[in-house]
$ cat run_35.txt   # compact mmCIF, C-alpha atoms
# COMPACT_ATOMS: atom_id res chain seq x y z
CA MET W 1 6.75 0.74 22.64
CA GLU W 2 8.00 4.22 21.73
CA LEU W 3 8.07 5.48 18.17
CA LYS W 4 9.91 8.27 16.42
CA LEU W 5 8.42 8.70 12.96
CA GLY W 6 8.54 11.43 10.34
CA ASP W 7 5.42 13.26 9.19
CA VAL W 8 4.57 10.97 6.30
CA GLN W 9 5.66 7.85 8.15
CA THR W 10 3.19 8.72 10.92
CA THR W 11 0.35 8.05 8.47
CA ALA W 12 1.18 4.34 8.89
CA LEU W 13 -0.72 4.59 12.18
CA ILE W 14 -3.97 5.13 10.23
CA PRO W 15 -4.25 1.67 8.64
CA LEU W 16 -2.71 0.13 11.75
CA ALA W 17 -5.40 1.60 14.03
CA ILE W 18 -8.18 0.70 11.59
CA LYS W 19 -7.03 -2.89 11.11
CA ALA W 20 -6.81 -3.29 14.88
CA SER W 21 -10.31 -1.95 15.55
CA GLU W 22 -11.83 -3.93 12.64
CA THR W 23 -10.17 -7.11 13.90
CA MET W 24 -11.86 -6.69 17.28
CA ARG W 25 -15.34 -6.28 15.78
CA PRO W 26 -17.75 -9.25 16.13
CA HIS W 27 -17.99 -9.84 12.36
CA ALA W 28 -14.60 -8.55 11.25
CA ARG W 29 -14.15 -8.28 7.48
CA ILE W 30 -10.37 -8.40 7.86
CA LYS W 31 -8.35 -9.85 10.70
CA ASP W 32 -4.93 -8.61 11.74
CA PRO W 33 -4.06 -9.76 15.28
CA LYS W 34 -0.61 -8.19 14.91
CA ALA W 35 -2.21 -4.76 14.50
CA VAL W 36 -4.13 -5.30 17.74
CA GLU W 37 -0.90 -6.28 19.47
CA ILE W 38 1.01 -3.24 18.20
CA ILE W 39 -1.74 -0.74 19.05
CA SER W 40 -1.96 -2.20 22.55
CA ALA W 41 1.82 -1.88 22.97
CA LEU W 42 1.82 1.71 21.69
CA ASP W 43 -0.91 2.75 24.13
CA ILE W 44 -2.02 5.70 21.96
CA ASP W 45 -5.33 7.40 21.30
CA THR W 46 -6.46 5.91 18.00
CA LYS W 47 -9.56 8.08 17.53
CA PRO W 48 -7.79 10.62 15.23
CA TYR W 49 -6.71 7.74 12.98
CA ASP W 50 -9.93 5.75 12.84
CA LYS W 51 -12.82 7.64 11.22
CA PHE W 52 -15.68 6.13 9.20
CA LEU W 53 -14.62 6.83 5.61
CA SER W 54 -10.96 6.05 6.22
CA HIS W 55 -12.00 2.91 8.10
CA GLU W 56 -14.15 1.69 5.23
CA GLY W 57 -11.49 2.66 2.69
CA VAL W 58 -8.71 0.76 4.47
CA VAL W 59 -10.91 -2.31 4.86
CA ALA W 60 -11.87 -2.16 1.17
CA ARG W 61 -8.33 -1.65 -0.10
CA THR W 62 -7.05 -4.48 2.12
CA ILE W 63 -9.66 -6.93 0.85
CA MET W 64 -9.05 -5.92 -2.76
CA LEU W 65 -5.25 -6.10 -2.63
CA ASP W 66 -5.26 -9.37 -0.68
CA ARG W 67 -7.57 -10.90 -3.29
CA GLN W 68 -5.44 -9.74 -6.23
CA LEU W 69 -2.14 -10.74 -4.66
CA LYS W 70 -3.42 -14.21 -3.74
CA GLY W 71 -4.41 -14.65 -7.38
CA ILE W 72 -0.91 -13.73 -8.56
CA ILE W 73 0.71 -16.06 -6.04
CA ALA W 74 -1.61 -18.91 -7.06
CA GLN W 75 -0.24 -18.58 -10.61
CA ALA W 76 3.38 -18.11 -9.51
CA PRO W 77 3.94 -19.69 -6.06
CA ASP W 78 7.56 -18.50 -5.80
CA THR W 79 6.75 -14.83 -6.44
CA VAL W 80 9.09 -12.20 -4.99
CA ILE W 81 7.13 -9.30 -3.50
CA VAL W 82 8.47 -5.89 -2.48
CA ASN W 83 6.17 -3.98 -0.14
CA ILE W 84 7.18 -0.34 -0.65
CA GLY W 85 6.39 1.94 2.28
CA ALA W 86 5.57 -1.10 4.40
CA GLY W 87 4.92 0.73 7.66
CA PHE W 88 3.31 -1.80 10.00
CA ASP W 89 1.67 -3.85 7.26
CA ASN W 90 1.32 -7.54 8.09
CA ARG W 91 0.28 -8.81 4.65
CA PHE W 92 2.98 -11.47 4.46
CA SER W 93 1.23 -13.47 7.19
CA ARG W 94 -1.91 -13.61 5.04
CA MET W 95 -0.10 -14.39 1.78
CA ASP W 96 2.57 -16.86 2.86
CA ASN W 97 2.42 -20.17 1.02
CA GLY W 98 5.83 -21.38 2.17
CA LYS W 99 7.51 -20.35 -1.10
CA ILE W 100 7.13 -16.60 -1.67
CA TRP W 101 9.93 -14.22 -0.73
CA TRP W 102 8.93 -10.90 0.81
CA PHE W 103 10.70 -7.56 1.24
CA ASP W 104 9.36 -4.85 3.54
CA LEU W 105 10.93 -1.63 2.29
CA ASP W 106 10.63 1.70 4.09
CA LEU W 107 12.62 4.65 5.35
CA PRO W 108 15.07 3.87 8.17
CA ASP W 109 12.92 5.33 10.98
CA SER W 110 9.94 3.27 9.86
CA ILE W 111 11.99 0.07 9.61
CA ALA W 112 13.48 0.74 13.05
CA ALA W 113 9.94 0.96 14.43
CA ARG W 114 8.88 -2.10 12.48
CA CYS W 115 11.78 -4.12 13.88
CA LYS W 116 10.45 -3.46 17.37
CA ALA W 117 7.09 -4.92 16.44
CA PHE W 118 7.91 -7.77 14.05
CA PRO W 119 10.26 -10.68 14.74
CA GLU W 120 12.64 -11.99 12.10
CA GLN W 121 10.91 -14.40 9.74
CA ASP W 122 12.08 -16.84 7.10
CA ARG W 123 11.78 -15.43 3.58
CA VAL W 124 11.12 -11.92 4.88
CA THR W 125 13.72 -9.17 4.59
CA MET W 126 13.37 -5.68 6.01
CA LEU W 127 15.06 -3.03 3.87
CA PRO W 128 15.75 0.39 5.45
CA ALA W 129 16.15 2.59 2.38
CA ASN W 130 14.76 5.45 0.35
CA VAL W 131 12.88 3.81 -2.52
CA LEU W 132 13.76 6.80 -4.73
CA GLU W 133 17.41 5.71 -4.63
CA ASP W 134 18.35 2.37 -6.17
CA THR W 135 20.57 1.14 -3.33
CA TRP W 136 17.93 -1.41 -2.26
CA CYS W 137 17.63 -3.08 -5.66
CA ASP W 138 20.63 -5.43 -5.41
CA ALA W 139 19.14 -7.26 -2.42
CA VAL W 140 16.00 -8.00 -4.43
CA LYS W 141 17.97 -9.01 -7.53
CA LYS W 142 19.87 -11.65 -5.55
CA VAL W 143 16.65 -13.35 -4.52
CA LEU W 144 15.21 -13.06 -8.03
CA ALA W 145 18.16 -14.90 -9.58
CA GLY W 146 16.94 -18.11 -11.19
CA ARG W 147 13.21 -17.30 -10.80
CA GLN W 148 11.04 -16.96 -13.88
CA SER W 149 8.04 -15.12 -12.42
CA PRO W 150 8.13 -11.30 -12.44
CA PRO W 151 8.61 -9.48 -9.12
CA VAL W 152 5.58 -7.72 -7.71
CA PHE W 153 5.92 -4.26 -6.16
CA LEU W 154 3.22 -2.91 -3.85
CA ALA W 155 2.70 0.80 -3.19
CA GLU W 156 -0.15 1.12 -0.71
CA GLY W 157 -0.79 4.57 0.74
CA LEU W 158 2.36 5.92 -0.93
CA PHE W 159 1.89 7.74 -4.25
CA MET W 160 -0.24 10.52 -2.77
CA TYR W 161 2.77 11.62 -0.69
CA PHE W 162 5.04 11.71 -3.77
CA THR W 163 5.18 14.39 -6.44
CA MET W 164 4.65 13.23 -10.01
CA ASN W 165 8.39 13.68 -10.61
CA GLN W 166 9.14 11.40 -7.68
CA ILE W 167 6.74 8.80 -9.04
CA ARG W 168 8.56 9.04 -12.39
CA THR W 169 11.86 8.47 -10.57
CA LEU W 170 10.46 5.35 -8.92
CA LEU W 171 9.13 3.98 -12.20
CA ASN W 172 12.50 4.48 -13.87
CA ILE W 173 14.31 2.76 -11.00
CA LEU W 174 11.99 -0.23 -11.33
CA LYS W 175 12.40 -0.43 -15.12
CA ASP W 176 16.17 0.09 -15.05
CA ASN W 177 16.80 -2.57 -12.42
CA PHE W 178 14.19 -5.21 -13.18
CA PRO W 179 13.64 -6.34 -16.81
CA GLN W 180 10.04 -7.27 -16.04
CA GLY W 181 7.68 -6.57 -13.19
CA ILE W 182 4.25 -5.74 -11.84
CA LEU W 183 3.44 -2.66 -9.78
CA ILE W 184 0.18 -2.45 -7.84
CA ALA W 185 -0.17 1.13 -6.64
CA GLU W 186 -2.88 3.00 -4.79
CA GLN W 187 -4.03 6.13 -6.62
CA ASN W 188 -5.77 9.09 -5.01
CA SER W 189 -7.78 11.69 -6.89
CA LYS W 190 -6.90 15.27 -7.74
CA LEU W 191 -10.09 16.25 -5.91
CA MET W 192 -8.82 14.64 -2.73
CA MET W 193 -5.42 16.26 -3.15
CA ARG W 194 -7.04 19.70 -3.41
CA ASN W 195 -9.22 19.03 -0.38
CA GLU W 196 -6.76 17.29 1.92
CA LYS W 197 -7.79 19.54 4.83
CA HIS W 198 -11.13 17.73 4.77
CA HIS W 199 -9.65 14.22 4.83
CA ASP W 200 -11.01 12.62 7.98
CA THR W 201 -7.73 11.14 9.23
CA VAL W 202 -4.75 12.53 7.28
CA LYS W 203 -5.75 16.02 8.45
CA ASN W 204 -4.84 14.82 11.94
CA THR W 205 -1.22 14.31 10.90
CA ASN W 206 1.42 16.68 9.53
CA ALA W 207 1.54 14.87 6.19
CA HIS W 208 0.37 16.47 2.94
CA PHE W 209 -0.85 15.05 -0.35
CA ARG W 210 1.56 15.98 -3.12
CA SER W 211 -0.11 14.47 -6.17
CA GLY W 212 -3.29 12.92 -7.49
CA THR W 213 -4.64 11.48 -10.73
CA ASP W 214 -8.00 11.29 -12.45
CA SER W 215 -6.82 8.16 -14.24
CA ALA W 216 -3.84 5.88 -13.73
CA GLN W 217 -3.06 6.46 -17.39
CA GLU W 218 -1.44 9.68 -16.16
CA ILE W 219 1.13 7.50 -14.37
CA VAL W 220 1.80 5.53 -17.57
CA GLU W 221 2.53 8.76 -19.41
CA LEU W 222 5.33 9.66 -17.00
CA THR W 223 7.79 7.32 -18.70
CA ASP W 224 8.15 4.87 -21.58
CA GLY W 225 7.57 1.15 -21.25
CA ILE W 226 4.96 1.08 -18.48
CA ARG W 227 1.52 -0.37 -19.27
CA LEU W 228 -1.72 -0.04 -17.33
CA LEU W 229 -3.38 -3.44 -16.89
CA ALA W 230 -6.32 -2.58 -14.64
CA GLU W 231 -7.76 0.08 -12.36
CA HIS W 232 -10.49 -0.40 -9.73
CA SER W 233 -12.04 2.10 -7.32
CA PHE W 234 -12.33 1.25 -3.65
CA ASN W 235 -16.01 2.10 -4.15
CA GLU W 236 -16.43 -1.34 -5.73
CA GLU W 237 -15.83 -2.90 -2.32
CA MET W 238 -16.97 -0.13 0.03
CA LYS W 239 -20.52 0.01 -1.34
CA LYS W 240 -21.10 -3.60 -0.32
CA TYR W 241 -21.13 -2.87 3.38
CA SER W 242 -23.04 0.28 4.31
CA LEU W 243 -25.54 2.84 3.12
CA ARG W 244 -22.94 5.57 3.61
CA GLY W 245 -20.55 3.61 1.42
CA LYS W 246 -23.20 3.32 -1.29
CA LEU W 247 -23.99 7.02 -1.10
CA PHE W 248 -20.32 7.98 -1.27
CA ALA W 249 -19.90 5.84 -4.38
CA LEU W 250 -23.02 7.36 -5.93
CA LEU W 251 -22.44 11.01 -5.09
CA LEU W 252 -18.63 11.11 -5.40
CA PRO W 253 -17.78 8.31 -7.83
CA ASN W 254 -14.38 9.75 -8.76
CA ALA W 255 -13.27 10.91 -5.31
CA ASN W 256 -12.28 7.59 -3.79
CA ASP W 257 -8.86 5.97 -4.07
CA ARG W 258 -8.19 3.28 -6.67
CA TRP W 259 -5.96 0.28 -7.12
CA ALA W 260 -4.03 0.44 -10.39
CA THR W 261 -1.94 -2.41 -11.76
CA PHE W 262 0.99 -1.62 -14.06
CA ALA W 263 3.45 -3.89 -15.86
CA TRP W 264 6.58 -3.73 -17.96
CA GLY W 265 8.75 -6.20 -19.83
CA ASN W 266 7.17 -9.42 -21.07
CA VAL W 267 4.40 -9.54 -18.46
CA GLY W 268 1.04 -10.30 -20.04
CA THR W 269 -2.40 -9.92 -18.55
CA ILE W 270 -2.93 -11.01 -14.96
$ encode --input "run_35.txt" --output "structure tokens"
Amino acid sequence: MELKLGDVQTTALIPLAIKASETMRPHARIKDPKAVEIISALDIDTKPYDKFLSHEGVVARTIMLDRQLKGIIAQAPDTVIVNIGAGFDNRFSRMDNGKIWWFDLDLPDSIAARCKAFPEQDRVTMLPANVLEDTWCDAVKKVLAGRQSPPVFLAEGLFMYFTMNQIRTLLNILKDNFPQGILIAEQNSKLMMRNEKHHDTVKNTNAHFRSGTDSAQEIVELTDGIRLLAEHSFNEEMKKYSLRGKLFALLLPNANDRWATFAWGNVGTI
């Protein structure tokens, strides 16, 4: 399999490589056979994309998001989910209950690569589009028609490559097109943004961090009508598995990425 990806899109190889190598470990904490298949087909050197801290971070964020999303789906089995910046993510296979509807949204080059790796599936739609333009929204609205549960938007490994103005644009697109909704977005710190040259894997790509927050409340303040429901550091999961993870959480408690959950419209607590 040959790929032609832009600088930011290339960062999708980081979680892909990590999920593949974790899957092949004897006591894997997450399992993604599709990642193993894709990495094997790509026949690339994964060492630049699979370093200890990034590995532990991707495992932690995967466990945490899977847990939260399964909880949402348990309450609303027909949930519509939009995976923004999907890359090679295979989360649908772990979430599918036979009723959810899933959109994998990414830039055209990323979707073209994804189409080579993933077959067509029922209740899964691939959307080649720029999320900062609202052209993709109508496809989601059609599926939402007649459903009562709010759509869920995922932004994993995305916001750090957007400026704060671009994040504001995305929030306004979501609010303007969907009367209610939930956004679960990964947040990186300002410290990490300032020290991106020391990031163990992103430094091996041509991508650059363009924003960071000390609190997800800074995202809320970008526009009216968005509420912060919860925020959890990856440290909460990472420190369970290794001494290095515990030390990182102890010595740099605010450096790690966080999951933040936002809502608008008549969505209550989740």
$ axis_aligned_box --input "run_35.txt" --around "range 220-230 of chain W" --padding-each-side "4 Å" --output "JSON"
{"center_x": 0.9, "center_y": 3.1, "center_z": -18.1, "size_x": 22.5, "size_y": 21.1, "size_z": 14.9}
$ residues_around --input "run_35.txt" --residues "Ala117 in chain W" --least-positions-apart "6" --cutoff "10 Å" --atoms "only C-alpha atoms" --output "PyMOL selection string"
chain W and resi 1+34-35+37-38+41-42+88+111
$ residues_around --input "run_35.txt" --residues "Asp50 in chain W" --least-positions-apart "5" --cutoff "8 Å" --atoms "only C-alpha atoms" --output "list of chain:residue names"
W:Ile14, W:Ala17, W:Ile18, W:His55, W:Thr201
$ closest_residue --input "run_35.txt" --among "W:Leu53, W:Leu16, W:Ala28, W:Met64" --to "Ala249 in chain W" --atoms "all atoms listed in the file"
W:Leu53
$ closest_atom_pairs --input "run_35.txt" --of "range 98-121 of chain W" --to "range 132-148 of chain W" --cutoff "12 Å" --atoms "only C-alpha atoms" --output "JSON lines"
{"residue": "W:Lys99", "atom": "CA", "partner": "W:Arg147", "partner_atom": "CA", "distance": 11.7}
{"residue": "W:Ile100", "atom": "CA", "partner": "W:Val143", "partner_atom": "CA", "distance": 10.5}
{"residue": "W:Trp101", "atom": "CA", "partner": "W:Val143", "partner_atom": "CA", "distance": 7.8}
{"residue": "W:Trp102", "atom": "CA", "partner": "W:Val140", "partner_atom": "CA", "distance": 9.3}
{"residue": "W:Phe103", "atom": "CA", "partner": "W:Val140", "partner_atom": "CA", "distance": 7.8}
{"residue": "W:Asp104", "atom": "CA", "partner": "W:Val140", "partner_atom": "CA", "distance": 10.8}
{"residue": "W:Leu105", "atom": "CA", "partner": "W:Trp136", "partner_atom": "CA", "distance": 8.4}
{"residue": "W:Asp106", "atom": "CA", "partner": "W:Trp136", "partner_atom": "CA", "distance": 10.2}
{"residue": "W:Leu107", "atom": "CA", "partner": "W:Leu132", "partner_atom": "CA", "distance": 10.4}
$ residues_near_point --input "run_35.txt" --point "(-20.8, 6.7, 0.3)" --cutoff "12 Å" --atoms "all atoms listed in the file" --output "ChimeraX atom specification"
/W:52-54,56-57,234-256
$ residues_around --input "run_35.txt" --residues "Asp96 in chain W" --least-positions-apart "5" --cutoff "10 Å" --atoms "all atoms listed in the file" --output "NGL selection string"
:W and (70 or 73 or 77 or 91 or 101-102 or 123)
$ residues_around --input "run_35.txt" --residues "Ala230 in chain W" --least-positions-apart "2" --cutoff "9 Å" --atoms "all atoms listed in the file" --output "number ranges by chain"
W: 216, 228, 232, 259-262
